[in-house]
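Note sheet for the following structure.
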Amino acid sequence: IKTVKDVALAGKSVIMRVDFNVPMKDGVVQDDTRIMAALPTIKYILEQSPRSLVLMSHLGDPDKDAKKAQEKAEKDGKAFDKEKFIAGKNRMAPVAAYLESKLGKKVEFAPSCMGQKAKVDSLPAGGVLMLENTRFHKEETAKDAASQEVLAKELATYGEVFVNDAFGTAHRAHASTATIAKFMKVNVGGFLMEKEVKYLDPMISNPPKPMTAIIGGAKVSSKIAVLESLLKNASALIIGGGMAYTFLKAQGHTVGKSLVEDEFIDTAKSLLSAAAAQHVKIILPVDHVCGDGFSPDAKVTNVPGLDIPDGQMGMDVGPKTIALYTETILASKSIVWNGPVGVFEFDAFAKGTETVARLVADATGKGAISVVGGGDSVAAVNKFNIADKMSHVSTGGGASLEFLEGKILPGIAVLETK
Ligand code: 3PG
């Protein structure tokens, strides 16, 4: 993709999509990873003496978030104040203030995405303006193109150059991520977008071999497409987490009361045969750490073999499986990791995922390229404090998953190519 480095920005007005969809609590930013990740592009643009820089992002899903919270409040018999809820979770002003503190430069705020042209034009030279949550406008996510275009056209009047640095939202075909590009003459990526593509793309095109894909998480259903895509390039596929038990059941093993998606047993079988046909080594758990229920203080039982007895739930991998992981991961030249291999949020079941994180870090230290994507595995590397030992930790959850599935992401497809 072309980036901000490939176009002239001096004297130009710039409109930039960022993904500042950060966790918020009572109007306070809880994790600034995505804000910090956009800073290099913002700073670079400002160093080029632009006319102005307008920033836009969504923050949560105001309607959906409020509905969920209201349902929960009703269930708990508590009062619910929608406005207060949105102000604590979905308003962009505290994010703009946070950005201002990190940027060391005034960030103006506009309370809407519509009707701001005069405000943009009145910014001082090089001034920065952050717009209110794009998802406060139903046009942002509208299914029909005509509705989206209403918002996209308006946003397009705020800049001469469109910069998309919102990798985390690149899988959404929304007014501010993709449709806006139709109304702009110049559409380029930021440095974060460039970096994400630089690390993720080789994993589905031509990764250094041997390549190991570690795919975990609760459900097979959400990971089938990525498993099929990664099979094309992987030398080994580690399948862990809740989804592993559907595969074990497909192989004829007993799984006790572990999580299983029965309707995916046939899919699991075909994936296993496809892997065998392509000579991809599949590594499923060969021993388990089980609990008597899904709880942090479940009674822990080590199950030394493949079969899980009745009444037991597989919640982490055992030492023999960890030995297989060690051998495979340390021999890899590239590694892509999406999804934990156990219930790492519960200390008693965290060892497998912690070991994977440390092994990927060690392999990286020895020269392997490692890419971690997906909310839960990113949370794991953060929990074990080794994010900086990975080659790349993606800022995208759904976006990195869809990228690895081989899908063309709408927010990237609209950018000019070199
Ligand atoms: C994310 O957090 O994955 C992105 O910001 C996209 O958010 P969304 O799933 O609400 O579209």
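Order determines the names: the first chain of the structure tokens is A, the second B, and so forth; residues in each chain are numbered 1 upward, and ligands are numbered 1 upward as they are shown.
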Close residues, Phe20 of chain A itself excluded, 12 Å, only C-alpha atoms, min 4 positions apart in chain, as number ranges by chain = A: 16, 24, 29-39, 55-60, 90-96, 98-99, 130-134, 165-169, 395-396
Store the residues of this selection in a file with C-alpha atoms, as a PDB file, in the first residue's frame.
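Below is the file that was written, part.pdb:
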ATOM      1  CA  MET A  16      -7.460  10.217   9.171  1.00  0.00           C
ATOM      2  CA  MET A  24     -13.147   2.656  28.721  1.00  0.00           C
ATOM      3  CA  VAL A  29      -9.018   4.976  29.027  1.00  0.00           C
ATOM      4  CA  GLN A  30      -8.140   1.518  30.375  1.00  0.00           C
ATOM      5  CA  ASP A  31      -5.636   0.424  27.727  1.00  0.00           C
ATOM      6  CA  ASP A  32      -3.917   2.897  25.409  1.00  0.00           C
ATOM      7  CA  THR A  33      -2.225   0.412  23.069  1.00  0.00           C
ATOM      8  CA  ARG A  34      -4.229   1.490  20.033  1.00  0.00           C
ATOM      9  CA  ILE A  35      -3.776   5.203  20.746  1.00  0.00           C
ATOM     10  CA  MET A  36      -0.016   4.815  21.143  1.00  0.00           C
ATOM     11  CA  ALA A  37       0.099   2.696  17.972  1.00  0.00           C
ATOM     12  CA  ALA A  38      -1.388   5.542  15.906  1.00  0.00           C
ATOM     13  CA  LEU A  39       0.955   8.206  17.322  1.00  0.00           C
ATOM     14  CA  LEU A  55      -9.153  12.351  13.334  1.00  0.00           C
ATOM     15  CA  MET A  56     -12.129  10.021  13.478  1.00  0.00           C
ATOM     16  CA  SER A  57     -12.884   6.668  15.113  1.00  0.00           C
ATOM     17  CA  HIS A  58     -15.683   4.580  16.480  1.00  0.00           C
ATOM     18  CA  LEU A  59     -15.761   3.710  20.179  1.00  0.00           C
ATOM     19  CA  GLY A  60     -17.720   0.602  21.020  1.00  0.00           C
ATOM     20  CA  ASN A  90     -18.943   5.693  24.090  1.00  0.00           C
ATOM     21  CA  ARG A  91     -18.061   9.385  24.138  1.00  0.00           C
ATOM     22  CA  MET A  92     -14.865  10.284  22.333  1.00  0.00           C
ATOM     23  CA  ALA A  93     -14.003  13.488  24.262  1.00  0.00           C
ATOM     24  CA  PRO A  94     -11.958  11.701  26.975  1.00  0.00           C
ATOM     25  CA  VAL A  95     -10.060   9.848  24.243  1.00  0.00           C
ATOM     26  CA  ALA A  96      -9.309  13.159  22.510  1.00  0.00           C
ATOM     27  CA  TYR A  98      -5.909  11.455  26.354  1.00  0.00           C
ATOM     28  CA  LEU A  99      -4.440  11.843  22.866  1.00  0.00           C
ATOM     29  CA  MET A 130     -10.990  14.807  16.824  1.00  0.00           C
ATOM     30  CA  LEU A 131     -14.583  14.020  15.841  1.00  0.00           C
ATOM     31  CA  GLU A 132     -17.176  12.418  18.125  1.00  0.00           C
ATOM     32  CA  ASN A 133     -17.792   8.650  17.806  1.00  0.00           C
ATOM     33  CA  THR A 134     -18.535   7.804  14.161  1.00  0.00           C
ATOM     34  CA  ASP A 165      -4.410   3.825   9.998  1.00  0.00           C
ATOM     35  CA  ALA A 166      -7.294   1.901  11.576  1.00  0.00           C
ATOM     36  CA  PHE A 167      -6.133  -1.637  10.950  1.00  0.00           C
ATOM     37  CA  GLY A 168      -8.350  -2.910  13.781  1.00  0.00           C
ATOM     38  CA  THR A 169     -11.443  -1.763  11.876  1.00  0.00           C
ATOM     39  CA  THR A 395      -3.845  -4.255  17.148  1.00  0.00           C
ATOM     40  CA  GLY A 396      -6.659  -6.090  15.363  1.00  0.00           C
TER      41      GLY A 396
END
key: Exercise: segment 184-194 of chain A partners within 7 Å, only C-alpha atoms, chain neighbours under 5 positions left out, as a list in words   =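 Residues meeting the cut-off are Ile1, Lys2, Thr3, Val4, Ala37, Ala38, Thr41, Ala156, Glu160, Val161, Phe162, Val163, Asn164, Asp165, Ala166, Phe167, Leu415 and Glu416 of chain A.
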Output N, CA and C atoms for every residue in that selection, as an mmCIF file, in the first residue's frame.
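What follows is the written file selection17.cif:
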data_model
loop_
_atom_site.group_PDB
_atom_site.id
_atom_site.type_symbol
_atom_site.label_atom_id
_atom_site.label_comp_id
_atom_site.auth_asym_id
_atom_site.auth_seq_id
_atom_site.Cartn_x
_atom_site.Cartn_y
_atom_site.Cartn_z
ATOM 1 N N ILE A 1 0.833 -1.205 0.000
ATOM 2 C CA ILE A 1 0.000 0.000 0.000
ATOM 3 C C ILE A 1 0.874 1.266 0.000
ATOM 4 N N LYS A 2 0.291 2.333 -0.561
ATOM 5 C CA LYS A 2 0.964 3.629 -0.438
ATOM 6 C C LYS A 2 0.708 4.138 0.975
ATOM 7 N N THR A 3 1.663 4.880 1.491
ATOM 8 C CA THR A 3 1.477 5.428 2.832
ATOM 9 C C THR A 3 1.646 6.944 2.813
ATOM 10 N N VAL A 4 1.486 7.536 3.991
ATOM 11 C CA VAL A 4 1.674 8.981 4.141
ATOM 12 C C VAL A 4 3.026 9.446 3.605
ATOM 13 N N ALA A 37 -0.282 3.283 19.266
ATOM 14 C CA ALA A 37 0.099 2.696 17.972
ATOM 15 C C ALA A 37 -0.163 3.645 16.807
ATOM 16 N N ALA A 38 -1.085 4.596 17.000
ATOM 17 C CA ALA A 38 -1.388 5.542 15.906
ATOM 18 C C ALA A 38 -0.504 6.783 15.989
ATOM 19 N N THR A 41 2.135 7.849 13.124
ATOM 20 C CA THR A 41 1.556 8.412 11.899
ATOM 21 C C THR A 41 1.074 9.839 12.147
ATOM 22 N N ALA A 156 -15.628 13.476 3.834
ATOM 23 C CA ALA A 156 -14.667 13.756 2.756
ATOM 24 C C ALA A 156 -14.434 15.250 2.564
ATOM 25 N N GLU A 160 -8.291 16.808 2.160
ATOM 26 C CA GLU A 160 -7.928 16.558 0.755
ATOM 27 C C GLU A 160 -7.260 15.196 0.626
ATOM 28 N N VAL A 161 -6.724 14.714 1.751
ATOM 29 C CA VAL A 161 -6.025 13.424 1.751
ATOM 30 C C VAL A 161 -6.673 12.541 2.811
ATOM 31 N N PHE A 162 -7.033 11.301 2.434
ATOM 32 C CA PHE A 162 -7.570 10.348 3.411
ATOM 33 C C PHE A 162 -6.452 9.392 3.827
ATOM 34 N N VAL A 163 -6.247 9.307 5.136
ATOM 35 C CA VAL A 163 -5.257 8.366 5.672
ATOM 36 C C VAL A 163 -6.007 7.348 6.521
ATOM 37 N N ASN A 164 -5.850 6.081 6.200
ATOM 38 C CA ASN A 164 -6.454 5.055 7.047
ATOM 39 C C ASN A 164 -5.357 4.342 7.828
ATOM 40 N N ASP A 165 -5.381 4.524 9.140
ATOM 41 C CA ASP A 165 -4.410 3.825 9.998
ATOM 42 C C ASP A 165 -5.155 2.886 10.955
ATOM 43 N N ALA A 166 -6.451 2.694 10.673
ATOM 44 C CA ALA A 166 -7.294 1.901 11.576
ATOM 45 C C ALA A 166 -7.296 0.440 11.148
ATOM 46 N N PHE A 167 -6.173 -0.228 11.345
ATOM 47 C CA PHE A 167 -6.133 -1.637 10.950
ATOM 48 C C PHE A 167 -7.206 -2.447 11.685
ATOM 49 N N LEU A 415 -7.185 1.538 -0.422
ATOM 50 C CA LEU A 415 -5.954 2.337 -0.408
ATOM 51 C C LEU A 415 -5.159 2.127 -1.706
ATOM 52 N N GLU A 416 -4.472 3.191 -2.118
ATOM 53 C CA GLU A 416 -3.681 3.081 -3.328
ATOM 54 C C GLU A 416 -2.526 2.125 -3.099
#
request  = Within segment 240-407 of chain A, find each residue whose DSSP state, derived from the backbone, is helix (DSSP H, G or I), and express the selection as an MDAnalysis selection string.
outcome  = chainID A and resid 244:250 262:277 319:330 347:349 351:365 375:383 387:389 398:404
Keeping only C-alpha atoms, write those residues as a JSON list (two decimals), in the first residue's frame.
[["chain", "number", "residue", "atom", "x", "y", "z"],
["A", 244, "ALA", "CA", -9.26, -28.93, 20.50],
["A", 245, "TYR", "CA", -11.85, -31.19, 22.15],
["A", 246, "THR", "CA", -14.07, -31.19, 19.07],
["A", 247, "PHE", "CA", -11.04, -32.44, 17.12],
["A", 248, "LEU", "CA", -10.24, -35.07, 19.77],
["A", 249, "LYS", "CA", -13.84, -36.27, 19.71],
["A", 250, "ALA", "CA", -13.64, -36.41, 15.90],
["A", 262, "ASP", "CA", -20.91, -31.61, 17.73],
["A", 263, "GLU", "CA", -22.09, -29.99, 14.53],
["A", 264, "PHE", "CA", -18.42, -29.33, 13.65],
["A", 265, "ILE", "CA", -17.13, -32.88, 14.10],
["A", 266, "ASP", "CA", -17.34, -33.57, 10.36],
["A", 267, "THR", "CA", -15.61, -30.27, 9.59],
["A", 268, "ALA", "CA", -12.87, -31.23, 12.06],
["A", 269, "LYS", "CA", -12.48, -34.61, 10.35],
["A", 270, "SER", "CA", -12.12, -33.03, 6.90],
["A", 271, "LEU", "CA", -9.59, -30.55, 8.22],
["A", 272, "LEU", "CA", -7.53, -33.37, 9.71],
["A", 273, "SER", "CA", -7.57, -35.27, 6.38],
["A", 274, "ALA", "CA", -6.68, -32.11, 4.44],
["A", 275, "ALA", "CA", -3.72, -31.57, 6.78],
["A", 276, "ALA", "CA", -2.58, -35.17, 6.31],
["A", 277, "ALA", "CA", -2.84, -34.83, 2.52],
["A", 319, "PRO", "CA", 3.32, -31.61, 30.25],
["A", 320, "LYS", "CA", 3.58, -34.09, 27.36],
["A", 321, "THR", "CA", 1.75, -31.66, 25.10],
["A", 322, "ILE", "CA", 3.99, -28.85, 26.30],
["A", 323, "ALA", "CA", 7.01, -30.95, 25.31],
["A", 324, "LEU", "CA", 5.59, -31.26, 21.78],
["A", 325, "TYR", "CA", 4.99, -27.50, 21.67],
["A", 326, "THR", "CA", 8.56, -26.84, 22.80],
["A", 327, "GLU", "CA", 10.12, -28.98, 20.11],
["A", 328, "THR", "CA", 7.93, -27.54, 17.34],
["A", 329, "ILE", "CA", 7.91, -23.87, 18.27],
["A", 330, "LEU", "CA", 11.64, -23.63, 18.92],
["A", 347, "ASP", "CA", -4.32, -19.41, 37.28],
["A", 348, "ALA", "CA", -4.67, -23.18, 37.65],
["A", 349, "PHE", "CA", -5.15, -23.50, 33.87],
["A", 351, "LYS", "CA", 0.47, -22.88, 32.28],
["A", 352, "GLY", "CA", -0.06, -24.06, 28.68],
["A", 353, "THR", "CA", -0.76, -20.57, 27.35],
["A", 354, "GLU", "CA", 2.04, -19.02, 29.41],
["A", 355, "THR", "CA", 4.48, -21.61, 28.09],
["A", 356, "VAL", "CA", 3.35, -20.97, 24.50],
["A", 357, "ALA", "CA", 3.89, -17.24, 25.02],
["A", 358, "ARG", "CA", 7.38, -17.83, 26.41],
["A", 359, "LEU", "CA", 8.31, -20.32, 23.68],
["A", 360, "VAL", "CA", 7.19, -17.92, 20.94],
["A", 361, "ALA", "CA", 9.26, -15.19, 22.62],
["A", 362, "ASP", "CA", 12.30, -17.53, 22.80],
["A", 363, "ALA", "CA", 11.95, -18.55, 19.15],
["A", 364, "THR", "CA", 11.72, -14.86, 18.22],
["A", 365, "GLY", "CA", 14.88, -14.20, 20.20],
["A", 375, "GLY", "CA", -7.83, -10.27, 21.55],
["A", 376, "ASP", "CA", -7.22, -13.26, 23.84],
["A", 377, "SER", "CA", -3.70, -14.16, 22.78],
["A", 378, "VAL", "CA", -2.76, -10.47, 22.91],
["A", 379, "ALA", "CA", -4.22, -10.34, 26.44],
["A", 380, "ALA", "CA", -2.08, -13.40, 27.25],
["A", 381, "VAL", "CA", 1.21, -11.90, 26.05],
["A", 382, "ASN", "CA", 0.35, -8.75, 27.99],
["A", 383, "LYS", "CA", -0.52, -10.74, 31.12],
["A", 387, "ALA", "CA", 4.57, -8.39, 24.21],
["A", 388, "ASP", "CA", 7.82, -6.59, 23.40],
["A", 389, "LYS", "CA", 9.58, -9.93, 22.75],
["A", 398, "GLY", "CA", -11.47, -9.54, 14.03],
["A", 399, "ALA", "CA", -9.33, -7.72, 11.46],
["A", 400, "SER", "CA", -6.24, -9.88, 11.96],
["A", 401, "LEU", "CA", -8.35, -13.04, 11.95],
["A", 402, "GLU", "CA", -10.04, -12.08, 8.67],
["A", 403, "PHE", "CA", -6.69, -11.06, 7.18],
["A", 404, "LEU", "CA", -5.23, -14.45, 8.06]]
task = Just the residues within 10 Å of segment 231-237 of chain A, please, counting only C-alpha atoms, with nothing from its chain fewer than 3 positions along; format it as a ChimeraX atom specification.
result = /A:202-215,226-228,240,271,274-275,278-284,328-329,332,334-336
Once you have the residues from the selection above, write them out as a JSON list (two decimals), in the first residue's frame, restricted to C-alpha atoms.
[["chain", "number", "residue", "atom", "x", "y", "z"],
["A", 202, "PRO", "CA", 3.78, -13.23, 4.65],
["A", 203, "MET", "CA", 1.99, -15.60, 7.03],
["A", 204, "ILE", "CA", -0.58, -16.32, 4.30],
["A", 205, "SER", "CA", 1.67, -15.87, 1.28],
["A", 206, "ASN", "CA", 5.26, -16.90, 1.78],
["A", 207, "PRO", "CA", 6.36, -17.31, 5.41],
["A", 208, "PRO", "CA", 9.90, -18.31, 6.34],
["A", 209, "LYS", "CA", 9.77, -22.10, 6.81],
["A", 210, "PRO", "CA", 9.19, -24.07, 8.90],
["A", 211, "MET", "CA", 6.09, -22.10, 9.85],
["A", 212, "THR", "CA", 4.02, -23.00, 12.89],
["A", 213, "ALA", "CA", 0.46, -21.78, 13.32],
["A", 214, "ILE", "CA", -0.90, -21.91, 16.84],
["A", 215, "ILE", "CA", -4.66, -21.62, 16.83],
["A", 226, "VAL", "CA", -8.30, -19.38, 9.50],
["A", 227, "LEU", "CA", -7.27, -23.02, 10.00],
["A", 228, "GLU", "CA", -8.01, -23.78, 6.35],
["A", 240, "GLY", "CA", -5.41, -25.89, 21.36],
["A", 271, "LEU", "CA", -9.59, -30.55, 8.22],
["A", 274, "ALA", "CA", -6.68, -32.11, 4.44],
["A", 275, "ALA", "CA", -3.72, -31.57, 6.78],
["A", 278, "GLN", "CA", -0.73, -31.65, 2.64],
["A", 279, "HIS", "CA", 1.80, -33.18, 5.06],
["A", 280, "VAL", "CA", 1.07, -30.57, 7.70],
["A", 281, "LYS", "CA", 1.81, -31.87, 11.17],
["A", 282, "ILE", "CA", -1.22, -31.42, 13.43],
["A", 283, "ILE", "CA", -0.51, -31.11, 17.13],
["A", 284, "LEU", "CA", -3.51, -31.72, 19.34],
["A", 328, "THR", "CA", 7.93, -27.54, 17.34],
["A", 329, "ILE", "CA", 7.91, -23.87, 18.27],
["A", 332, "SER", "CA", 10.17, -22.65, 13.68],
["A", 334, "SER", "CA", 7.94, -18.14, 11.53],
["A", 335, "ILE", "CA", 5.04, -18.39, 13.95],
["A", 336, "VAL", "CA", 1.53, -17.05, 13.90]]
inquiry  = So that I can see what lies close to Asp63 of chain A, please list as a ChimeraX atom specification the residues with an atom at most 9 Å from it, counting only C-alpha atoms and leaving out residues fewer than 2 positions away in the same chain.
reply    = /A:60-61,65-68,86,135-136
